[in-house]
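> What follows is a single structure, and I will ask about it in a moment.
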Amino acid sequence: MQAIGKYIVIKKINEEYKSDSGLLLSSADIESFRYHKGEVINPGTNVEVIKQGDVIYFDKSSGHTMFLEDESYTIIEERNVVIVL
């Protein structure tokens, strides 16, 4: 699988989020966050800064989901990445 151009194939990372007081947030609360976390599976042919294996935060309203080889992947554009860890 090879992403083309400025597209990036990622696998979303689902984490438990806690409030400052230690309460676990519900999935509905987590969905209200603007940015989601993911691991880069395959950066596109024209992506220079982001590498395979990087953990990123991206705009949740961007991209689309695809099922490849019985796995769910999200395809986003490089411009939708806001942080590389």
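By convention in this document, the chains of the structure tokens carry letters A, B, ... by their order, each chain's residues are numbered from 1, and ligands are numbered from 1 in the order they are shown.
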Mind checking DSSP for chain A and telling me the alpha helix (DSSP H) residues as an MDAnalysis selection string?

chainID A and resid 27:31

> For Tyr7 of chain A, find every residue with an atom within 7 Å (counting only C-alpha atoms), except residues of its own chain fewer than 3 positions away, and show them as a list in words.

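Counting only C-alpha atoms, the residues come to Ala3, Ile4, Pro43, Gly44, Ile75, Ile76, Glu77 and Glu78 of chain A.
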
> With DSSP run on the backbone, what are the strand (DSSP E or B) residues within segment 22-75 of chain A? I'd like them as a PyMOL selection string.

chain A and resi 24+35-43+55-59+64-68+71-75

> Pick the closest to Val55 of chain A from A:Phe67, A:Ile83, A:Ile8, A:Ser21: which is it, counting only C-alpha atoms?

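Once distances to Val55 of chain A are computed over only C-alpha atoms, the minimum belongs to A:Ile83.
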
> I'd like the contact shell of segment 10-18 of chain A - 8 Å cut-off, only C-alpha atoms, skipping same-chain residues fewer than 2 positions apart - returned as JSON, numbers by chain.

{"A": [8, 20, 21, 22, 23, 24, 25, 30, 36, 37, 38, 39, 40, 41, 42, 72, 73, 74, 75, 76]}

> Restricting the output to C-alpha atoms, write the selected residues as a short mmCIF file (atom, residue, chain, number, x, y, z; two decimals), in the first residue's frame.


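Final output, saved to part-v5.cif:
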```cif
data_model
loop_
_atom_site.label_atom_id
_atom_site.label_comp_id
_atom_site.auth_asym_id
_atom_site.auth_seq_id
_atom_site.Cartn_x
_atom_site.Cartn_y
_atom_site.Cartn_z
CA ILE A 8 -1.10 10.11 4.49
CA ASP A 20 -8.02 16.91 35.82
CA SER A 21 -10.01 15.44 38.71
CA GLY A 22 -9.38 11.87 37.46
CA LEU A 23 -12.77 11.09 35.90
CA LEU A 24 -12.75 9.08 32.68
CA LEU A 25 -14.35 10.95 29.79
CA ILE A 30 -13.86 12.49 23.30
CA HIS A 36 -7.53 13.09 17.08
CA LYS A 37 -4.35 11.08 17.51
CA GLY A 38 -3.01 8.61 14.96
CA GLU A 39 0.04 6.64 13.89
CA VAL A 40 1.40 7.18 10.39
CA ILE A 41 1.28 3.92 8.45
CA ASN A 42 2.36 5.28 5.09
CA SER A 72 -9.65 0.33 9.14
CA TYR A 73 -7.38 3.17 8.00
CA THR A 74 -7.92 6.91 7.76
CA ILE A 75 -6.61 8.81 4.75
CA ILE A 76 -5.84 12.50 5.35
#
```

> Using only C-alpha atoms for the distances, tell me which of A:Asn46, A:Asn80, A:Thr65, A:Gln52 is nearest to Arg34 of chain A.

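Closest to Arg34 of chain A, using only C-alpha atoms: A:Asn80.
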
> Using only C-alpha atoms, which residues sit within 9 Å of Ser61 of chain A once same-chain residues fewer than 2 positions away are excluded, as a list in words?

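So, after excluding close chain neighbours, the residues are Arg34, Tyr35, Phe58, Asp59, Gly63 and His64 of chain A.
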
> Any chance you can output those residues with N, CA and C atoms as a compact mmCIF listing (two decimals), in the first residue's frame?


```txt
# COMPACT_ATOMS: atom_id res chain seq x y z
N ARG A 34 -11.55 18.49 18.86
CA ARG A 34 -11.34 18.81 17.44
C ARG A 34 -10.25 17.94 16.81
N TYR A 35 -9.25 17.58 17.59
CA TYR A 35 -8.11 16.84 17.03
C TYR A 35 -8.06 15.42 17.58
N PHE A 58 -4.36 15.20 14.20
CA PHE A 58 -4.93 15.69 12.96
C PHE A 58 -6.36 16.15 13.18
N ASP A 59 -6.84 17.01 12.31
CA ASP A 59 -8.20 17.54 12.38
C ASP A 59 -9.19 16.40 12.12
N GLY A 63 -10.33 14.03 5.97
CA GLY A 63 -10.06 12.69 5.51
C GLY A 63 -11.27 11.79 5.41
N HIS A 64 -10.99 10.52 5.16
CA HIS A 64 -12.03 9.51 5.05
C HIS A 64 -11.46 8.17 5.50
```
